[in-house]
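Novice: I am attaching a structure below and will ask some questions about it afterwards.
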Amino acid sequence: MFSHKVRLRLHEALDRKGRLGRFGVESVQRAVAEAVAAIPQLRRSEFFPFATSVIRDAPNRDDVIARVARATGTRLRVLTGEEEARLAYVAARRWAGPVPGPLLVLDIGGGTVEIASGTGDQPRVVRSLPLGARRITRDWLPGGTGSSKRRLAEVRRHLRQSLSVGPGVPQAEPGGRVLACSKTFEQLAQLAGASGRRTPRLRGQLSLTRLRASIDLLADARPRRGAGLPGISRHRAEQSLAGALIAESLMTACGVEVVEICPWSTREGLLLERLGVISPAPHRRAG
């Protein structure tokens, strides 16, 4: 019905400890004030302002939220990674249509990766792991480039080990669907599709084979040149190599050869529940 976007690039305002600096906080204050002013006929009872991983994971999160509230009168909420995964599943299930069956949902964010699976309107399993494209770029690929094949192998090893810790990640089930819900997957699919002959059957999909070919392309490209590649936007170019490596590791760990690109994610899941289209999950205490 209505969408208003202000691009912040908050990851550039983080210090080495992940704290959001004064410039970043002021950017959030301006953006919140602008967004609230732009909403037609705003009714506070229907307002759900929330922040994702840049603010959620910042050590000074509570101070940031308090300063934004004092400046704008709007108090941002934070959702846990598991709740974001659940809402992404809710959105993907609704987008996929009424066909029943197993569903696996993958979502690559800036700070975290969300995974959810189930057979009904609500997922049975949700996972959130600190393996987002911004985080992996900062910790492993500063500048967004793969300095060597050895470095790429180290990143892949780290991702593989991280995805195997604890109970592991849910697996794709025979006959089920796998939906990828993030701009990272969407742009990688556009890049992979442009690198070869696209057929109607492959539109809106990303195969593991095409993804690996794209990784080689991104590893050889500087971020500035990467922004000129098909599907790769300028503001995501630096994180595109990390995003591709995460997508590869995620698909491999979950036993997935092809994902379908879903344009809906956490935001749409939250809207669906707030509008009463889908009943919210029973309340669970945050871990």
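Chain labels follow the order of the structure tokens: the first chain is A, the next B, and so on; residue numbering restarts at 1 in every chain, and ligands are counted from 1 in their shown order.
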Go through stretch 98-134 of chain A and flag each residue having an atom no more than 9 Å from stretch 163-178 of chain A; for those, report the closest pair of atoms plus their distance in Å to one decimal, using only C-alpha atoms, ordered by chain and rising number, as a Markdown table.
Specialist:
| residue | atom | partner | partner_atom | distance |
| --- | --- | --- | --- | --- |
| A:Gly101 | CA | A:Gly176 | CA | 5.9 |
| A:Pro102 | CA | A:Gly176 | CA | 4.5 |
| A:Leu103 | CA | A:Arg177 | CA | 5.0 |
| A:Leu104 | CA | A:Val178 | CA | 4.7 |
| A:Val105 | CA | A:Val178 | CA | 5.9 |
| A:Leu106 | CA | A:Val178 | CA | 7.6 |
| A:Ile115 | CA | A:Val169 | CA | 7.5 |
| A:Ala116 | CA | A:Pro170 | CA | 7.5 |
| A:Ser117 | CA | A:Pro170 | CA | 6.7 |
| A:Thr119 | CA | A:Gly176 | CA | 9.0 |
| A:Val125 | CA | A:Pro170 | CA | 7.3 |
| A:Val126 | CA | A:Pro170 | CA | 8.5 |
| A:Arg127 | CA | A:Val169 | CA | 7.3 |
| A:Leu129 | CA | A:Leu163 | CA | 8.0 |
| A:Leu131 | CA | A:Leu163 | CA | 9.0 |
Novice: Can you list, as a PyMOL selection string, every protein, DNA or RNA residue that comes within 10 Å of stretch 19-34 of chain A when you count only C-alpha atoms, leaving out same-chain residues fewer than 2 positions away?
Specialist: chain A and resi 4-17+36-39+49+51+54-55+57-61+63-65+67-76
Novice: Could you pull out the residues in stretch 115-282 of chain A that DSSP calls alpha helix (DSSP H) from the backbone, as a ChimeraX atom specification?
Specialist: /A:133-140,149-164,183-194,208-220,223-226,240-253,266-274
Novice: Would you mind listing what lies within 10 Å of A:His158 as a list in words, with only C-alpha atoms counted and same-chain residues fewer than 4 positions away left out?
Specialist: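 Here the answer would be Leu131, Ile136, Trp140, Leu152, Ala153, Glu154, Ser162, Leu163 and Ser249 of chain A.
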Novice: I'd like the neighbourhood of A:Leu272 as a PDB file with C-alpha atoms, in the first residue's frame, where a residue qualifies if any of its atoms comes within 12 Å (using only C-alpha atoms), though same-chain residues fewer than 2 positions away should be ignored.
Specialist:
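Result went into selection.pdb, see below:
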ATOM      1  CA  LEU A  87       8.396 -14.157  10.137  1.00  0.00           C
ATOM      2  CA  ALA A  88      10.366 -14.765   6.934  1.00  0.00           C
ATOM      3  CA  TYR A  89       8.908 -18.292   6.865  1.00  0.00           C
ATOM      4  CA  VAL A  90       5.382 -16.941   7.452  1.00  0.00           C
ATOM      5  CA  ALA A  91       5.803 -14.553   4.513  1.00  0.00           C
ATOM      6  CA  ALA A  92       7.329 -17.173   2.221  1.00  0.00           C
ATOM      7  CA  ARG A  93       4.603 -19.717   3.016  1.00  0.00           C
ATOM      8  CA  ARG A  94       1.902 -17.204   2.150  1.00  0.00           C
ATOM      9  CA  TRP A  95       3.720 -16.081  -1.022  1.00  0.00           C
ATOM     10  CA  ASP A 121       1.711 -21.776   8.406  1.00  0.00           C
ATOM     11  CA  TRP A 264       8.773 -11.399   0.677  1.00  0.00           C
ATOM     12  CA  SER A 265      10.617 -11.698   3.982  1.00  0.00           C
ATOM     13  CA  THR A 266      10.467 -10.567   7.636  1.00  0.00           C
ATOM     14  CA  ARG A 267       8.697  -7.268   6.957  1.00  0.00           C
ATOM     15  CA  GLU A 268       5.925  -8.920   4.959  1.00  0.00           C
ATOM     16  CA  GLY A 269       5.547 -11.658   7.571  1.00  0.00           C
ATOM     17  CA  LEU A 270       5.122  -9.019  10.262  1.00  0.00           C
ATOM     18  CA  ARG A 274      -0.488  -7.502  12.135  1.00  0.00           C
ATOM     19  CA  LEU A 275      -3.261  -7.420   9.522  1.00  0.00           C
ATOM     20  CA  GLY A 276      -4.658 -10.703  10.820  1.00  0.00           C
ATOM     21  CA  VAL A 277      -4.138 -12.528   7.536  1.00  0.00           C
ATOM     22  CA  ILE A 278      -2.124 -15.156   9.415  1.00  0.00           C
ATOM     23  CA  SER A 279      -2.518 -15.944  13.097  1.00  0.00           C
ATOM     24  CA  PRO A 280       0.638 -15.163  15.092  1.00  0.00           C
TER      25      PRO A 280
END
Novice: I'd like the contact shell of A:Thr209 - 9 Å cut-off, only C-alpha atoms, skipping same-chain residues fewer than 5 positions apart - returned as a list in words.
Specialist: Ser214, Glu257 and Val258 of chain A
Novice: Name all residues at most 12 Å from A:Leu191 (count only C-alpha atoms; drop same-chain ones fewer than 6 positions away) and give them as a ChimeraX atom specification.
Specialist: /A:184-185,197-198,203-207,210-218,226-233,237,240-241,244
Novice: Atom CA of A:Ser128 and atom CA of A:Ser148 are how many Å apart?
Specialist: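 Computing the Euclidean distance for atom CA of A:Ser128 and atom CA of A:Ser148 yields 29.0 Å.
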Novice: Tell me, in Å to one decimal, how far atom CA of A:Pro263 is from atom CA of A:Arg236.
Specialist: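 Value for the atom CA of A:Pro263-atom CA of A:Arg236 distance: 17.1 Å.
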Novice: Please provide as a list in words all residues within 10 Å of A:Thr137, with the sequence filter that same-chain residues fewer than 3 positions apart are discarded (counting only C-alpha atoms).
Specialist: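 Using only C-alpha atoms, the neighbours found are Gly110, Leu131, Gly132, Ala133, Arg134, Trp140, Leu141, Pro142, Gly143, Gly144, Thr145, Gly146, Val155, Glu238, Gln239, Ser240, Leu241, Ala242 and Gly243 of chain A.
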Novice: Using only C-alpha atoms, pick whichever of A:Leu159, A:Val259, A:Met251, A:Ala221 has the shortest atom-to-atom distance to A:Ala189.
Specialist: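 Looking only at the distances to A:Ala189, the closest residue turns out to be A:Val259.
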Novice: To test your reading of the structure, identify every residue in stretch 88-265 of chain A that backbone DSSP assigns to strand (DSSP E), and report it as a list in words.
Specialist: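 Selection result, strand (DSSP E) within stretch 88-265 of chain A: Leu103, Leu104, Val105, Leu106, Asp107, Ile108, Val113, Glu114, Ile115, Ala116, Ser117, Gly118, Val125, Val126, Arg127, Ser128, Leu129, Arg177, Val178, Leu179, Ala180, Gln205, Leu206, Ser207, Val258, Val259, Glu260 and Ile261 of chain A.
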Novice: For the selection just defined, write its residues with N, CA, C and O atoms to a file, as an mmCIF file, in the first residue's frame.
Specialist:
data_model
loop_
_atom_site.group_PDB
_atom_site.id
_atom_site.type_symbol
_atom_site.label_atom_id
_atom_site.label_comp_id
_atom_site.auth_asym_id
_atom_site.auth_seq_id
_atom_site.Cartn_x
_atom_site.Cartn_y
_atom_site.Cartn_z
ATOM 1 N N LEU A 103 8.539 -26.924 3.470
ATOM 2 C CA LEU A 103 9.087 -25.659 2.989
ATOM 3 C C LEU A 103 10.334 -25.326 3.795
ATOM 4 O O LEU A 103 10.321 -25.385 5.029
ATOM 5 N N LEU A 104 11.402 -24.970 3.099
ATOM 6 C CA LEU A 104 12.638 -24.515 3.713
ATOM 7 C C LEU A 104 12.885 -23.088 3.245
ATOM 8 O O LEU A 104 12.830 -22.813 2.046
ATOM 9 N N VAL A 105 13.146 -22.187 4.182
ATOM 10 C CA VAL A 105 13.321 -20.771 3.873
ATOM 11 C C VAL A 105 14.711 -20.329 4.319
ATOM 12 O O VAL A 105 15.110 -20.549 5.467
ATOM 13 N N LEU A 106 15.443 -19.687 3.406
ATOM 14 C CA LEU A 106 16.795 -19.196 3.668
ATOM 15 C C LEU A 106 16.821 -17.684 3.493
ATOM 16 O O LEU A 106 16.285 -17.164 2.520
ATOM 17 N N ASP A 107 17.462 -16.986 4.415
ATOM 18 C CA ASP A 107 17.489 -15.527 4.368
ATOM 19 C C ASP A 107 18.866 -15.050 4.827
ATOM 20 O O ASP A 107 19.278 -15.334 5.955
ATOM 21 N N ILE A 108 19.584 -14.322 3.965
ATOM 22 C CA ILE A 108 20.900 -13.786 4.298
ATOM 23 C C ILE A 108 20.773 -12.291 4.557
ATOM 24 O O ILE A 108 20.443 -11.525 3.657
ATOM 25 N N VAL A 113 22.249 -14.849 9.433
ATOM 26 C CA VAL A 113 21.570 -15.712 8.469
ATOM 27 C C VAL A 113 20.391 -16.354 9.195
ATOM 28 O O VAL A 113 20.543 -16.839 10.317
ATOM 29 N N GLU A 114 19.224 -16.339 8.567
ATOM 30 C CA GLU A 114 18.036 -16.963 9.150
ATOM 31 C C GLU A 114 17.601 -18.162 8.317
ATOM 32 O O GLU A 114 17.579 -18.086 7.080
ATOM 33 N N ILE A 115 17.237 -19.236 9.007
ATOM 34 C CA ILE A 115 16.810 -20.476 8.361
ATOM 35 C C ILE A 115 15.567 -20.963 9.084
ATOM 36 O O ILE A 115 15.524 -20.964 10.321
ATOM 37 N N ALA A 116 14.559 -21.369 8.335
ATOM 38 C CA ALA A 116 13.340 -21.889 8.949
ATOM 39 C C ALA A 116 12.759 -22.987 8.067
ATOM 40 O O ALA A 116 12.876 -22.935 6.835
ATOM 41 N N SER A 117 12.131 -23.970 8.695
ATOM 42 C CA SER A 117 11.509 -25.050 7.920
ATOM 43 C C SER A 117 10.257 -25.534 8.632
ATOM 44 O O SER A 117 10.112 -25.393 9.856
ATOM 45 N N GLY A 118 9.345 -26.102 7.848
ATOM 46 C CA GLY A 118 8.117 -26.625 8.399
ATOM 47 C C GLY A 118 7.185 -27.081 7.298
ATOM 48 O O GLY A 118 7.543 -27.064 6.106
ATOM 49 N N VAL A 125 11.119 -25.489 12.799
ATOM 50 C CA VAL A 125 12.508 -25.232 13.176
ATOM 51 C C VAL A 125 12.909 -23.838 12.699
ATOM 52 O O VAL A 125 12.613 -23.462 11.566
ATOM 53 N N VAL A 126 13.540 -23.061 13.580
ATOM 54 C CA VAL A 126 14.098 -21.768 13.185
ATOM 55 C C VAL A 126 15.528 -21.679 13.717
ATOM 56 O O VAL A 126 15.822 -22.114 14.818
ATOM 57 N N ARG A 127 16.418 -21.122 12.901
ATOM 58 C CA ARG A 127 17.798 -20.909 13.304
ATOM 59 C C ARG A 127 18.235 -19.517 12.866
ATOM 60 O O ARG A 127 17.857 -19.050 11.794
ATOM 61 N N SER A 128 19.044 -18.877 13.691
ATOM 62 C CA SER A 128 19.651 -17.598 13.341
ATOM 63 C C SER A 128 21.120 -17.676 13.725
ATOM 64 O O SER A 128 21.455 -17.994 14.872
ATOM 65 N N LEU A 129 22.000 -17.414 12.759
ATOM 66 C CA LEU A 129 23.431 -17.553 12.976
ATOM 67 C C LEU A 129 24.155 -16.272 12.583
ATOM 68 O O LEU A 129 23.769 -15.612 11.609
ATOM 69 N N ARG A 177 9.730 -27.447 -1.202
ATOM 70 C CA ARG A 177 10.209 -26.255 -1.883
ATOM 71 C C ARG A 177 11.236 -25.538 -1.017
ATOM 72 O O ARG A 177 11.169 -25.600 0.221
ATOM 73 N N VAL A 178 12.169 -24.868 -1.666
ATOM 74 C CA VAL A 178 13.180 -24.077 -0.965
ATOM 75 C C VAL A 178 13.094 -22.658 -1.505
ATOM 76 O O VAL A 178 13.301 -22.422 -2.700
ATOM 77 N N LEU A 179 12.774 -21.709 -0.620
ATOM 78 C CA LEU A 179 12.639 -20.312 -1.011
ATOM 79 C C LEU A 179 13.742 -19.487 -0.358
ATOM 80 O O LEU A 179 14.036 -19.669 0.832
ATOM 81 N N ALA A 180 14.343 -18.601 -1.131
ATOM 82 C CA ALA A 180 15.386 -17.707 -0.645
ATOM 83 C C ALA A 180 14.827 -16.293 -0.576
ATOM 84 O O ALA A 180 14.363 -15.761 -1.578
ATOM 85 N N GLN A 205 15.159 -18.237 -10.113
ATOM 86 C CA GLN A 205 15.819 -19.333 -9.421
ATOM 87 C C GLN A 205 17.323 -19.102 -9.396
ATOM 88 O O GLN A 205 17.870 -18.306 -10.167
ATOM 89 N N LEU A 206 17.981 -19.804 -8.491
ATOM 90 C CA LEU A 206 19.438 -19.772 -8.414
ATOM 91 C C LEU A 206 19.932 -21.185 -8.150
ATOM 92 O O LEU A 206 19.554 -21.799 -7.153
ATOM 93 N N SER A 207 20.742 -21.695 -9.056
ATOM 94 C CA SER A 207 21.290 -23.037 -8.877
ATOM 95 C C SER A 207 22.670 -22.946 -8.238
ATOM 96 O O SER A 207 23.390 -21.947 -8.384
ATOM 97 N N VAL A 258 18.915 -26.046 -5.914
ATOM 98 C CA VAL A 258 18.275 -24.884 -6.546
ATOM 99 C C VAL A 258 17.338 -24.233 -5.538
ATOM 100 O O VAL A 258 16.593 -24.928 -4.832
ATOM 101 N N VAL A 259 17.380 -22.896 -5.464
ATOM 102 C CA VAL A 259 16.426 -22.160 -4.644
ATOM 103 C C VAL A 259 15.541 -21.308 -5.543
ATOM 104 O O VAL A 259 15.956 -20.875 -6.617
ATOM 105 N N GLU A 260 14.308 -21.074 -5.094
ATOM 106 C CA GLU A 260 13.411 -20.121 -5.738
ATOM 107 C C GLU A 260 13.540 -18.786 -5.019
ATOM 108 O O GLU A 260 13.629 -18.745 -3.786
ATOM 109 N N ILE A 261 13.549 -17.699 -5.764
ATOM 110 C CA ILE A 261 13.672 -16.378 -5.162
ATOM 111 C C ILE A 261 12.292 -15.871 -4.758
ATOM 112 O O ILE A 261 11.376 -15.788 -5.585
#
